[in-house]
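Trainee: Handing you this structure, nothing more for now.
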Amino acid sequence: MNKVVWQRSSFCGGGGNNCVEIAELPDGIAIRDSVYPGRVLAIGRAALSAFIGHVRADEDNL
């Protein structure tokens, strides 16, 4: 992954190295765990939006 700008989650505790990070790609979004920065999941925007929608819907059932 060349020249991507990673952004850490606002839930990252104290700037430690246990964070979820995301980066915008030309054709989607990259997601990684700061503990394993070489392991990157690339996902399309529509798929990510659907995933977030399902997670939010499940929060209502907790």
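Every chain in the structure tokens takes a letter, A first, then B, and so on in the order presented; its residues are numbered from 1, and the ligands are numbered from 1 following the presented order.
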Could you give me, as a PyMOL selection string, each residue of chain A that DSSP assigns to strand (DSSP E or B) when run on this structure's backbone?
Mentor: chain A and resi 7-8+20-25+28-33+40-43
Trainee: Quick one: residues within 7 Å of A:Glu21, only C-alpha atoms counted, chain neighbours fewer than 4 positions away excluded, as a ChimeraX atom specification?
Mentor: /A:6-9,31-34
Trainee: Could you tell me how far atom CA of A:Ala23 sits from atom CA of A:Val55, in Å to one decimal place?
Mentor: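 Those two atoms sit 20.0 Å apart.
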